[in-house]
Structures are given as structure tokens and as C-alpha cells.
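**Student:** Following this line is entry_21.txt, made up of compact mmCIF, C-alpha atoms:
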# COMPACT_ATOMS: atom_id res chain seq x y z
CA MET A 1 -13.03 -18.88 44.83
CA ALA A 2 -12.47 -18.18 41.15
CA VAL A 3 -9.57 -15.95 40.11
CA VAL A 4 -10.64 -13.33 37.58
CA THR A 5 -8.58 -10.67 35.87
CA ARG A 6 -9.79 -7.12 35.31
CA ARG A 7 -8.07 -5.67 32.25
CA ILE A 8 -7.23 -1.97 32.13
CA GLY A 9 -6.42 -0.37 28.79
CA LEU A 10 -4.19 2.69 28.53
CA SER A 11 -5.12 4.68 25.44
CA LEU A 12 -2.10 6.93 24.88
CA GLY A 13 -0.73 9.60 22.62
CA ALA A 14 2.70 11.05 23.36
CA ASP A 15 2.46 10.00 27.02
CA ILE A 16 5.64 8.44 28.40
CA CYS A 17 6.20 8.95 32.10
CA TRP A 18 2.80 8.52 33.73
CA PRO A 19 1.93 5.21 32.01
CA ALA A 20 5.38 3.89 32.87
CA ALA A 21 4.86 4.81 36.52
CA TYR A 22 1.27 3.49 36.51
CA GLU A 23 2.36 0.12 35.11
CA ALA A 24 5.29 -0.18 37.50
CA LEU A 25 3.17 0.55 40.58
CA LEU A 26 0.43 -1.83 39.45
CA ASP A 27 3.01 -4.58 39.01
CA LYS A 28 4.58 -3.93 42.41
CA LEU A 29 1.19 -3.95 44.15
CA ASP A 30 0.54 -7.52 42.88
CA LEU A 31 -3.08 -7.30 44.00
CA HIS A 32 -5.40 -10.20 44.83
CA ILE A 33 -8.64 -8.58 45.98
CA PRO A 34 -11.65 -10.57 47.20
CA VAL A 35 -14.79 -9.27 45.51
CA GLY A 36 -17.92 -11.31 46.13
CA SER A 37 -17.08 -14.94 45.38
CA ASP A 38 -14.04 -14.03 43.23
CA ILE A 39 -10.41 -13.11 43.73
CA VAL A 40 -9.74 -10.17 41.41
CA ARG A 41 -6.37 -9.53 39.80
CA PHE A 42 -5.45 -6.70 37.42
CA GLN A 43 -3.60 -6.42 34.17
CA SER A 44 -2.84 -3.29 32.15
CA GLU A 45 -2.20 -3.06 28.44
CA ARG A 46 -1.49 -0.23 26.03
CA VAL A 47 -4.34 0.08 23.55
CA GLN A 48 -3.53 -0.46 19.87
CA VAL A 49 -5.50 1.32 17.13
CA GLU A 50 -6.78 -0.99 14.40
CA PRO A 51 -9.93 -1.67 12.34
CA TYR A 52 -12.74 -3.38 14.24
CA ASN A 53 -16.16 -4.88 13.66
CA LEU A 54 -18.77 -2.83 15.49
CA THR A 55 -20.07 -6.00 17.13
CA TYR A 56 -16.73 -7.21 18.50
CA ARG A 57 -16.29 -7.29 22.28
CA PRO A 58 -13.12 -5.71 23.70
CA ASN A 59 -11.07 -7.39 26.40
CA TYR A 60 -11.04 -4.32 28.63
CA ASP A 61 -13.04 -3.65 31.78
CA LEU A 62 -11.80 -0.05 31.95
CA VAL A 63 -9.87 2.30 29.66
CA VAL A 64 -7.88 5.34 30.73
CA ASP A 65 -8.05 7.45 27.57
CA ARG A 66 -5.80 10.38 26.69
CA VAL A 67 -6.58 10.99 23.01
CA THR A 68 -10.38 11.16 22.58
CA HIS A 69 -10.36 14.97 22.61
CA TRP A 70 -8.33 15.12 19.40
CA TYR A 71 -8.17 11.69 17.70
CA MET A 72 -11.50 10.78 16.13
CA THR A 73 -10.81 7.07 15.59
CA THR A 74 -10.27 6.57 19.30
CA ARG A 75 -13.21 8.81 20.22
CA GLU A 76 -15.63 6.69 18.19
CA TRP A 77 -14.10 3.48 19.57
CA MET A 78 -14.56 4.78 23.10
CA LYS A 79 -18.22 5.51 22.35
CA LYS A 80 -18.71 2.00 21.02
CA ILE A 81 -17.10 0.16 23.95
CA THR A 82 -18.83 2.23 26.64
CA MET A 83 -22.28 2.09 25.04
CA MET A 84 -22.29 -1.45 23.66
CA ASP A 85 -19.91 -3.33 25.93
CA GLY A 86 -20.15 -1.65 29.34
CA VAL A 87 -16.48 -0.67 29.50
CA TYR A 88 -15.77 2.04 32.07
CA ALA A 89 -13.92 5.03 30.61
CA LEU A 90 -11.84 7.84 31.97
CA ASN A 91 -13.23 10.06 30.48
CA ASN A 92 -16.78 9.90 29.21
CA PRO A 93 -16.35 10.38 25.42
CA TRP A 94 -19.74 12.08 24.98
CA SER A 95 -18.99 14.60 27.71
CA ILE A 96 -15.63 15.41 26.14
CA GLN A 97 -17.21 15.99 22.75
CA ALA A 98 -20.36 17.82 23.86
CA TYR A 99 -19.34 20.03 26.78
CA GLU A 100 -16.78 22.61 25.76
CA LYS A 101 -15.86 25.88 27.49
CA HIS A 102 -19.11 27.58 26.49
CA THR A 103 -21.36 24.88 27.94
CA SER A 104 -19.33 24.71 31.11
CA TYR A 105 -19.61 28.47 31.64
CA CYS A 106 -23.38 28.41 31.10
CA ALA A 107 -23.86 25.44 33.43
CA MET A 108 -21.80 26.84 36.29
CA LEU A 109 -23.45 30.26 35.96
CA ARG A 110 -26.74 28.37 36.27
CA LEU A 111 -25.45 26.92 39.56
CA GLY A 112 -24.53 30.39 40.79
CA MET A 113 -20.75 30.12 40.59
CA PRO A 114 -18.91 33.46 40.26
CA VAL A 115 -17.77 32.95 36.66
CA PRO A 116 -16.51 36.27 35.20
CA GLU A 117 -18.94 38.02 32.84
CA THR A 118 -18.65 36.46 29.38
CA TRP A 119 -20.04 37.30 25.93
CA MET A 120 -20.19 35.06 22.88
CA LEU A 121 -19.23 36.65 19.55
CA PRO A 122 -19.95 35.34 16.03
CA PRO A 123 -16.85 34.51 13.99
CA LYS A 124 -15.10 37.30 12.14
CA VAL A 125 -14.87 35.24 8.93
CA ASN A 126 -17.76 33.30 7.38
CA GLN A 127 -18.14 31.24 4.22
CA ASP A 128 -18.61 33.46 1.17
CA ASP A 129 -20.89 31.03 -0.66
CA GLY A 130 -23.44 28.30 0.04
CA ASP A 131 -26.08 28.14 2.77
CA GLU A 132 -23.89 29.74 5.41
CA ALA A 133 -23.34 32.82 3.28
CA VAL A 134 -27.08 33.15 2.68
CA MET A 135 -27.89 32.73 6.37
CA VAL A 136 -25.25 35.26 7.46
CA ARG A 137 -26.50 37.89 4.98
CA LYS A 138 -30.12 37.41 6.07
CA TYR A 139 -29.84 36.96 9.82
CA ASN A 140 -26.47 37.94 11.26
CA ARG A 141 -27.02 41.39 12.70
CA LEU A 142 -24.18 43.86 12.35
CA PHE A 143 -22.83 44.82 15.74
CA ASP A 144 -20.45 47.34 17.25
CA LEU A 145 -17.56 45.34 18.72
CA GLY A 146 -16.27 48.39 20.55
CA LYS A 147 -19.56 48.80 22.38
CA VAL A 148 -19.50 45.16 23.46
CA GLY A 149 -16.05 45.69 24.90
CA GLU A 150 -17.13 48.93 26.57
CA GLN A 151 -20.15 47.25 28.14
CA LEU A 152 -18.08 44.31 29.38
CA GLY A 153 -15.11 46.38 30.54
CA TYR A 154 -11.36 46.08 30.15
CA PRO A 155 -9.05 44.30 30.48
CA ALA A 156 -10.68 41.22 28.98
CA PHE A 157 -9.74 37.99 27.25
CA LEU A 158 -10.76 37.06 23.70
CA LYS A 159 -10.58 33.31 23.20
CA PRO A 160 -12.23 30.50 21.21
CA TYR A 161 -15.46 29.28 22.81
CA ASP A 162 -14.16 25.69 22.71
CA GLY A 163 -10.51 26.42 23.39
CA GLY A 164 -7.92 24.35 25.16
CA GLY A 165 -4.23 24.53 25.99
CA TRP A 166 -4.30 28.35 25.88
CA ARG A 167 -5.07 28.17 22.16
CA GLY A 168 -5.90 31.57 20.69
CA VAL A 169 -6.16 33.38 24.03
CA THR A 170 -5.49 37.14 23.75
CA ARG A 171 -5.59 39.70 26.56
CA VAL A 172 -7.09 42.97 25.34
CA LYS A 173 -6.71 46.22 27.26
CA ASN A 174 -8.80 48.54 25.09
CA ALA A 175 -11.00 48.74 22.00
CA GLU A 176 -8.00 48.89 19.66
CA ASP A 177 -6.59 45.65 21.11
CA LEU A 178 -9.99 44.02 20.85
CA HIS A 179 -10.46 44.92 17.18
CA LYS A 180 -6.97 43.70 16.29
CA ALA A 181 -7.46 40.39 18.09
CA TYR A 182 -10.94 39.82 16.67
CA ASP A 183 -9.74 40.62 13.13
CA LYS A 184 -7.14 37.84 13.52
CA SER A 185 -9.54 35.27 14.98
CA GLY A 186 -10.67 33.90 11.61
CA ASP A 187 -13.66 31.58 11.48
CA GLN A 188 -13.68 30.59 15.16
CA VAL A 189 -16.61 31.49 17.38
CA GLN A 190 -15.24 33.63 20.21
CA HIS A 191 -15.77 34.36 23.88
CA LEU A 192 -14.98 37.76 25.31
CA GLN A 193 -14.52 37.36 29.06
CA ARG A 194 -13.95 40.06 31.64
CA SER A 195 -10.61 39.79 33.37
CA VAL A 196 -10.52 39.21 37.11
CA ASP A 197 -8.47 42.27 38.08
CA ASP A 198 -6.18 42.33 41.08
CA TYR A 199 -6.38 38.61 41.81
CA ASP A 200 -3.75 37.39 44.25
CA LEU A 201 -3.88 33.64 43.61
CA PHE A 202 -4.26 31.37 40.58
CA VAL A 203 -5.00 27.78 41.59
CA ARG A 204 -5.69 24.64 39.61
CA GLY A 205 -7.81 21.90 41.11
CA LEU A 206 -6.83 18.54 39.61
CA GLY A 207 -9.60 15.97 40.09
CA VAL A 208 -9.54 12.18 39.67
CA GLY A 209 -12.84 10.66 40.73
CA PRO A 210 -13.61 12.14 44.17
CA GLN A 211 -9.95 13.01 44.79
CA VAL A 212 -8.84 16.63 44.38
CA ASN A 213 -5.36 18.13 44.53
CA LEU A 214 -5.14 21.92 44.64
CA ILE A 215 -1.98 23.35 43.06
CA LYS A 216 -0.80 26.95 42.94
CA TYR A 217 -0.32 27.97 39.31
CA ASP A 218 1.71 30.69 37.59
CA PRO A 219 0.49 31.20 33.98
CA ASP A 220 3.34 33.63 33.22
CA ALA A 221 6.12 31.16 34.10
CA PRO A 222 7.81 28.89 31.53
CA LEU A 223 5.88 25.69 30.90
CA HIS A 224 8.05 23.65 33.26
CA GLY A 225 7.49 26.10 36.11
CA ARG A 226 3.78 26.86 35.98
CA TYR A 227 2.77 24.30 38.60
CA VAL A 228 4.26 25.86 41.71
CA VAL A 229 5.56 24.00 44.75
CA ASP A 230 4.01 25.94 47.61
CA PHE A 231 2.09 25.27 50.80
CA HIS A 232 -0.35 27.13 53.04
CA TYR A 233 -1.45 29.62 50.37
CA MET A 234 -5.15 29.23 51.21
CA ASN A 235 -6.92 29.01 54.52
CA ALA A 236 -8.96 25.93 55.41
CA GLU A 237 -12.27 27.46 54.31
CA GLU A 238 -10.89 28.44 50.90
CA TRP A 239 -9.26 25.04 50.48
CA GLN A 240 -12.55 23.30 51.16
CA ARG A 241 -14.42 25.62 48.80
CA ALA A 242 -11.93 25.09 45.95
CA THR A 243 -12.03 21.33 46.49
CA ARG A 244 -15.82 21.31 46.35
CA ILE A 245 -15.94 23.49 43.25
CA THR A 246 -13.58 21.14 41.40
CA ARG A 247 -15.42 17.98 42.45
CA VAL A 248 -18.85 19.44 41.65
CA ILE A 249 -17.82 20.53 38.16
CA ASN A 250 -16.34 17.11 37.40
CA ALA A 251 -19.35 15.18 38.69
CA PHE A 252 -21.80 17.51 36.93
CA PHE A 253 -20.27 16.74 33.53
CA CYS A 254 -19.40 13.08 34.30
CA TRP A 255 -15.70 13.84 34.04
CA ASP A 256 -13.62 11.39 36.10
CA PHE A 257 -10.41 13.25 35.25
CA ASN A 258 -10.41 17.02 34.82
CA SER A 259 -8.84 20.23 36.10
CA CYS A 260 -10.46 23.47 37.18
CA GLU A 261 -8.74 26.87 37.13
CA MET A 262 -9.74 29.45 39.74
CA LEU A 263 -8.63 33.00 40.55
CA ARG A 264 -8.92 34.42 44.05
CA ARG A 265 -9.87 38.06 44.47
CA GLY A 266 -10.67 39.10 48.00
CA ASN A 267 -12.35 36.10 49.55
CA VAL A 268 -14.01 34.92 46.31
CA LEU A 269 -12.75 32.08 44.11
CA HIS A 270 -13.74 32.72 40.49
CA PRO A 271 -13.75 29.60 38.24
CA ILE A 272 -12.38 30.75 34.88
CA ASP A 273 -11.57 27.58 32.93
CA PHE A 274 -12.84 24.15 33.84
CA ALA A 275 -13.41 22.09 30.69
CA ASN A 276 -9.99 20.41 30.76
CA ALA A 277 -10.92 16.74 30.56
CA CYS A 278 -7.43 15.77 29.40
CA PRO A 279 -5.35 17.72 31.92
CA ASP A 280 -1.59 17.98 32.26
CA SER A 281 -0.25 14.57 33.25
CA GLN A 282 3.45 14.68 32.49
CA VAL A 283 6.31 14.92 34.94
CA THR A 284 7.68 17.80 32.86
CA SER A 285 4.61 19.83 33.85
CA LEU A 286 3.59 18.47 37.23
CA HIS A 287 7.02 17.44 38.67
CA PHE A 288 6.49 17.61 42.49
CA HIS A 289 2.76 16.95 41.99
CA PHE A 290 3.27 14.07 39.55
CA PRO A 291 3.24 11.20 42.09
CA TRP A 292 -0.15 12.35 43.40
CA LEU A 293 -1.58 12.12 39.89
CA VAL A 294 -0.24 8.62 39.20
CA LYS A 295 -1.40 7.27 42.57
CA SER A 296 -4.82 8.86 42.17
CA LEU A 297 -5.32 7.48 38.66
CA LEU A 298 -4.24 4.07 39.86
CA LYS A 299 -6.51 4.05 42.92
CA TRP A 300 -9.57 5.28 41.05
CA SER A 301 -9.14 2.94 38.07
CA LEU A 302 -8.57 -0.05 40.36
CA PHE A 303 -11.68 0.79 42.36
CA CYS A 304 -13.82 1.20 39.24
CA ALA A 305 -12.49 -1.99 37.63
CA ALA A 306 -12.64 -4.13 40.79
CA THR A 307 -16.18 -3.12 41.73
CA GLN A 308 -17.33 -3.02 38.09
CA ARG A 309 -18.59 0.50 38.62
CA PRO A 310 -21.27 1.17 35.99
CA MET A 311 -20.47 3.80 33.40
CA ARG A 312 -22.86 6.76 33.51
CA LEU A 313 -23.32 7.62 29.86
CA HIS A 314 -25.17 10.89 30.38
CA PRO A 315 -25.30 13.49 33.17
CA HIS A 316 -28.23 14.05 35.54
CA TRP A 317 -28.54 17.78 36.09
CA HIS A 318 -31.99 18.31 37.62
CA PRO A 319 -30.96 17.67 41.26
CA TYR A 320 -28.32 20.39 40.90
CA PHE A 321 -30.84 22.79 39.37
CA GLU A 322 -33.29 22.15 42.20
CA ILE A 323 -30.63 23.27 44.67
CA ALA A 324 -29.70 26.24 42.49
CA ASP A 325 -33.32 27.41 42.46
CA ASP A 326 -33.65 27.36 46.25
CA HIS A 327 -33.28 31.09 46.92
CA SER A 328 -33.25 30.59 50.67
CA LEU A 329 -29.71 29.18 50.43
CA SER A 330 -26.45 31.12 50.18
CA PHE A 331 -23.94 30.07 47.54
CA ASP A 332 -21.77 28.28 50.11
CA GLU A 333 -24.83 26.40 51.40
CA LYS A 334 -25.68 25.41 47.83
CA LEU A 335 -22.10 24.34 47.23
CA ILE A 336 -22.24 21.98 50.21
CA LYS A 337 -25.38 20.39 48.76
CA TYR A 338 -23.87 20.24 45.27
CA ASP A 339 -20.85 18.49 46.74
CA GLN A 340 -23.05 15.93 48.45
CA LEU A 341 -24.42 15.06 45.00
CA ALA A 342 -20.88 14.94 43.60
CA ARG A 343 -19.60 12.66 46.36
CA HIS A 344 -22.58 10.38 45.82
CA HIS A 345 -21.87 10.35 42.07
CA PHE A 346 -18.29 9.26 42.72
CA ASP A 347 -19.14 6.76 45.51
CA ALA A 348 -16.67 8.72 47.63
CA ASP A 349 -17.22 6.86 50.92
CA ARG A 350 -17.13 3.44 49.26
CA PHE A 351 -13.98 4.45 47.40
CA ALA A 352 -12.29 5.54 50.64
CA ASP A 353 -13.18 2.22 52.27
CA PHE A 354 -11.81 0.32 49.25
CA CYS A 355 -8.48 2.15 49.42
CA GLU A 356 -8.18 1.65 53.16
CA GLU A 357 -8.90 -2.07 52.91
CA HIS A 358 -7.05 -3.03 49.74
CA LEU A 359 -4.42 -0.34 49.04
CA PRO A 360 -2.90 0.60 52.42
CA HIS A 361 0.56 -0.28 51.11
CA LEU A 362 0.39 1.86 47.97
CA ASP A 363 1.81 4.98 49.62
CA ARG A 364 4.98 3.19 50.74
CA ILE A 365 5.42 1.35 47.44
CA ALA A 366 5.07 4.65 45.55
CA LEU A 367 7.47 6.39 47.93
CA ASP A 368 10.13 3.81 47.10
CA TYR A 369 9.42 3.60 43.37
CA PHE A 370 9.72 7.33 42.71
CA GLY A 371 13.30 7.21 43.99
CA THR A 372 14.44 4.43 41.64
CA GLN A 373 16.66 4.47 38.58
CA GLU A 374 13.71 2.96 36.71
CA PHE A 375 11.65 6.07 37.34
CA ARG A 376 14.56 8.40 36.59
CA ASP A 377 14.95 6.65 33.23
CA ALA A 378 11.27 7.37 32.47
CA VAL A 379 11.81 11.04 33.35
CA HIS A 380 14.89 11.12 31.11
CA GLN A 381 12.95 9.61 28.23
CA LYS A 382 10.18 12.22 28.55
CA VAL A 383 12.64 15.10 28.80
CA GLN A 384 14.54 13.75 25.80
CA SER A 385 11.33 13.87 23.74
CA LEU A 386 10.78 17.57 24.50
CA TYR A 387 14.10 19.34 25.15
CA PRO A 388 17.19 20.02 23.01
CA GLU A 389 20.02 17.61 23.59
CA HIS A 390 22.17 20.03 25.58
CA GLU A 391 19.38 20.56 28.13
CA VAL A 392 18.29 16.96 28.61
CA GLU A 393 20.48 16.10 31.58
CA GLN A 394 19.84 19.45 33.27
CA PHE A 395 16.08 19.12 33.12
CA THR A 396 16.10 15.41 33.91
CA ASN A 397 17.88 16.30 37.14
CA HIS A 398 15.50 19.20 37.71
CA PHE A 399 12.28 17.21 37.41
CA PHE A 400 13.62 14.12 39.14
CA GLY A 401 14.94 16.33 41.92
CA LEU A 402 11.53 17.92 42.50
CA VAL A 403 10.02 14.45 42.80
CA GLN A 404 12.69 13.65 45.40
CA PHE A 405 11.53 16.71 47.32
CA TRP A 406 8.02 15.25 47.16
CA ARG A 407 9.43 12.00 48.57
CA LYS A 408 10.89 13.93 51.51
CA THR A 409 7.55 15.59 52.29
CA GLU A 410 5.69 12.30 51.77
CA ALA A 411 8.04 10.44 54.09
CA ASP A 412 7.46 13.10 56.72
CA ARG A 413 3.70 12.67 56.27
CA LEU A 414 3.95 8.89 56.60
CA GLY A 415 6.51 9.02 59.40
CA VAL A 416 9.00 6.77 57.61
CA SER A 417 12.54 7.02 56.28
CA ILE A 418 13.45 6.89 52.62
CA GLY A 419 16.29 5.57 50.51
CA SER A 420 17.25 5.78 46.85
CA ASP A 421 18.75 3.37 44.34
CA THR A 422 19.82 6.10 41.88
Once you've parsed the file, please lay out its structure as C-alpha cells.
**Tutor:**
Amino acid sequence: MAVVTRRIGLSLGADICWPAAYEALLDKLDLHIPVGSDIVRFQSERVQVEPYNLTYRPNYDLVVDRVTHWYMTTREWMKKITMMDGVYALNNPWSIQAYEKHTSYCAMLRLGMPVPETWMLPPKVNQDDGDEAVMVRKYNRLFDLGKVGEQLGYPAFLKPYDGGGWRGVTRVKNAEDLHKAYDKSGDQVQHLQRSVDDYDLFVRGLGVGPQVNLIKYDPDAPLHGRYVVDFHYMNAEEWQRATRITRVINAFFCWDFNSCEMLRRGNVLHPIDFANACPDSQVTSLHFHFPWLVKSLLKWSLFCAATQRPMRLHPHWHPYFEIADDHSLSFDEKLIKYDQLARHHFDADRFADFCEEHLPHLDRIALDYFGTQEFRDAVHQKVQSLYPEHEVEQFTNHFFGLVQFWRKTEADRLGVSIGSDT
């Protein structure tokens, strides 16, 4: 049998801790996987940015990309290697560029999801000369912003239609607040979205391929405390519904790596923000939940690279719309059918079999690694890049300590004992 190497590129920005953990776990796994008539090995490499001939062929079989949403050179390179060279990408660069918050709201409303009522507003400021100025004078109808707010209802959120990272989000409680916020919004097209009043739970569904991790979230906490360590905050039915919503949204838009925000009011989960195809991935945000992310990225990328999973360059929406248009089905019945499409899109059963056959030792290797001095050093390096010097040791201990709590719960799950070399 021939030995072949699948090469995985890590396209990074300011990322420190997750690529370090990813590389360490990949090295410790030392995989030799039989695939067809070959023995497949894996090698990771951090992608370098440099000029390239459009006809060159990259060495990568798969690229985990973290900068396409803001760095145009990498975005165009990702388009080239996926379209011309068959490289698998996390995430699809066309989906990242084309499907912003506005498109995601429209699509999920089309599928019947309980997205809060949302209006689109033209920008407050337009060009004062050229074609845009002519078009605005001729065709932009004057409107009463106060009446829009009155019709929608307060409180509400004014935010850019393509926002991200809480950029430009303003909570408005009345017409005066709305006018002040809109007057400051400049030339950005805006959404005005009705607030979900009296919600009792904010949850983020973090999805990697078919895998979903639901995390309680506190948007009012400091950045390092927003992802909450909590258990049993949803019943089994709600947990299944939130998992399905996250997986369906990701499959619908061909996002292999995305997060979905949901608010619970009564027994309804309202998706409010789900175009986050470069979600939080740092230990300084995820802490307790960080090992799940690294393991999930590793498992999914290994599966895709080993099996040479073909890259879907464009979404296929009609099967979802056919289900949406079946008025004999309740929303939960539709969601089950949507999720069947999503699981098929992600080869969920085949992926589970792959992990069971080839990665049964990953959990124990990860359990040991996340207690090492090597990992603590990576945490320290990330904290050092973000925090003032006098807080570095405090927060290194804080984040590393939360990961040690994860190790305790993980050891209980696996029924094993743990040690530490720190």
C-alpha cells in the first residue's frame, strides 16, 4: 500500500492558542489511516501570504481559514484554490462573502424559523454627488423613522445589515433613541429588529461540520465571561431543537464552521444572529469550551482530508423550500426534515463511523494534552497578547484553570483518572 500525505493548511490572523493545540494533538495522534489502497498520513502547515500565479497548484488538500471575512488577499486565494484546485475549505469563501446577516434572516424566515420582526432601512448618509446622489434624489422615498419604530415596537435593536462582532449594535427604547442612533449610523445600511422581551436564556450553538456544542451565553458579561459554564439549562427537547437549528443553518449556507445565537422566551427558541462564519475560537473567550472546539475542528478536518470530501461551491436550497412549502407540517416536523438534509450534507453517519474507527484515542490524548505545561504556555502567550502585564498571570491561571475543570468533567465522562505535568 502506498503512503500518501494529506496536507492541511492553517490560514491564520492573530490566532495563537487553537492552532497550537490543533498542531500538538495532530502530532500526538500520529495517524496512519487506511483509505482504499493507500495509507493516509497528515501534515499541517501555517499558510504564508505571497504573490502567486493563478495557474499554480497549492500543496494543500484542505485549508482551515480564519481571515477570509476581512482580508481580501486570502479571500481571493481561497476562491482560486477551491474552484480551480479542488481544495476543501473551512469555510466556503463565496458563502462568507455573499451571505451576510440580511440574507440569513430572509432565508430562515423563508424556512419558518421564529426570527424576530426585522426592517431594513436605507443609510442615513448618501453620496452628495455622482450617480448615487442622482438616484437617491429621484427614487429614495422620504420616510417617517418614528412610524417605522412605532409599527415594529420597542425596545428594538438598530444594527448594520452585514454586522459582526457586535459592531454598531444599539438598543433603542423609544423614538428619541432610534433617531439618535440612526443619525449616528452614517452610510451603513441598517436593520431595525424587534427585541425579544423577557427572554430567560441566551444560547450560542457552535457548529463544526455536523457537530454542535450548545453554550449558555451572557452578552452583558465582560468578554472573558460571556461563554458561561453551566449545565442542564435546557430540557432534552429544547436541546435537540437548538442543535437542529444550528446544524440546519450551517448546512443551508455551506458553512462548515459557524455559530448561531438563540434567545428562549417561553418554549420558543428565536434565532437572532447566525451569520458568524468565523466564530470565537480563542481560549480567552471559550475557556472551558475550548477543548471541544479544537477536537471538533481536528476531527472534521481529518475526515474531510482523509476521505477527500468534495467541496460544495454553492448551496442547494430547493429541497429546503419544498419542505417549507408543505403546509401540512408543523415547524418542528419541518425542522426534523431540514435536519435530515443537513445531516446528509455533512455526511454525519459516515463521519461518526470514521471517528469511531480511526480516532477512538483522541479523547484521551486531548484529556492529557490540555493539562500540560505546553498548553499552559500557549494560554499564557494568548493572554499576554491581549491583557496588560499586571493581569497576565491572573488571567492565564483563570483560563487554564477553567480548562482543568473541563478535564475533570471529561475524565468523569470517560471514566478515567487524570494527571497534570504543570
**Student:** For segment 277-289 of chain A, work out the shell of residues within 9 Å, counting all atoms listed in the file and skipping chain neighbours fewer than 4 positions away, then give it as JSON, numbers by chain.
**Tutor:** {"A": [15, 16, 17, 18, 65, 66, 67, 68, 69, 91, 95, 96, 206, 213, 215, 223, 224, 225, 226, 227, 228, 229, 250, 255, 256, 257, 258, 259, 293, 294, 379, 382, 383, 386, 395, 396, 398, 399, 400, 401, 402, 403, 404, 405, 406, 407]}
**Student:** Tell me which of A:Ala107, A:Ala14, A:Ile245, A:Met84 sits closest to Tyr56 of chain A, counting all atoms listed in the file.
**Tutor:**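 For Tyr56 of chain A, the nearest of the candidates is A:Met84.
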**Student:** Would you mind reading off the distance between atom CA of Gly209 of chain A and atom CA of Pro319 of chain A, one decimal, in Å?
**Tutor:** 19.4 Å
**Student:** Just to confirm, what's the straight-line distance from atom CA of Ala2 of chain A to atom CA of Phe354 of chain A in Å (one decimal)?
**Tutor:**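 We find that atom CA of Ala2 of chain A and atom CA of Phe354 of chain A lie 20.2 Å from each other.
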**Student:** Hey, what's within 9 Å of Arg364 of chain A if we count only C-alpha atoms and toss same-chain stuff fewer than 3 positions away? As JSON, numbers by chain, please?
**Tutor:** {"A": [360, 361, 367, 368, 369, 411, 414, 416]}
**Student:** Give me, as a tab-separated table, each residue of segment 132-220 of chain A that comes within 10 Å of segment 328-348 of chain A, together with its shortest interatomic pair and the distance in Å at one decimal, counting all atoms listed in the file, with rows ordered by chain and rising residue number.
**Tutor:**
residue	atom	partner	partner_atom	distance
A:Val208	CA	A:Phe346	CA	9.7
A:Gly209	CA	A:Phe346	CA	6.0
A:Pro210	CA	A:Phe346	CA	5.7
A:Gln211	CA	A:Ala348	CA	8.5
**Student:** How far is it from atom CA of Pro51 of chain A to atom CA of Ala305 of chain A, in Å with one decimal?
**Tutor:** 25.4 Å
**Student:** Select, counting only C-alpha atoms, all protein, DNA and RNA residues no farther than 12 Å from (-20.9, 1.9, 34.9) in file coordinates, and express the selection as number ranges by chain.
**Tutor:** A: 61-62, 81-90, 92, 254, 303-314, 345-347
**Student:** If we draw a sphere of 12 Å around (2.4, -7.6, 42.3), which residues have at least one atom in it when counting all atoms listed in the file? Please report them as a list in words.
**Tutor:** Glu23, Ala24, Leu25, Leu26, Asp27, Lys28, Leu29, Asp30, Leu31, His32, Ile33, Arg41, Phe42, Gln43, His361, Leu362 and Ile365 of chain A
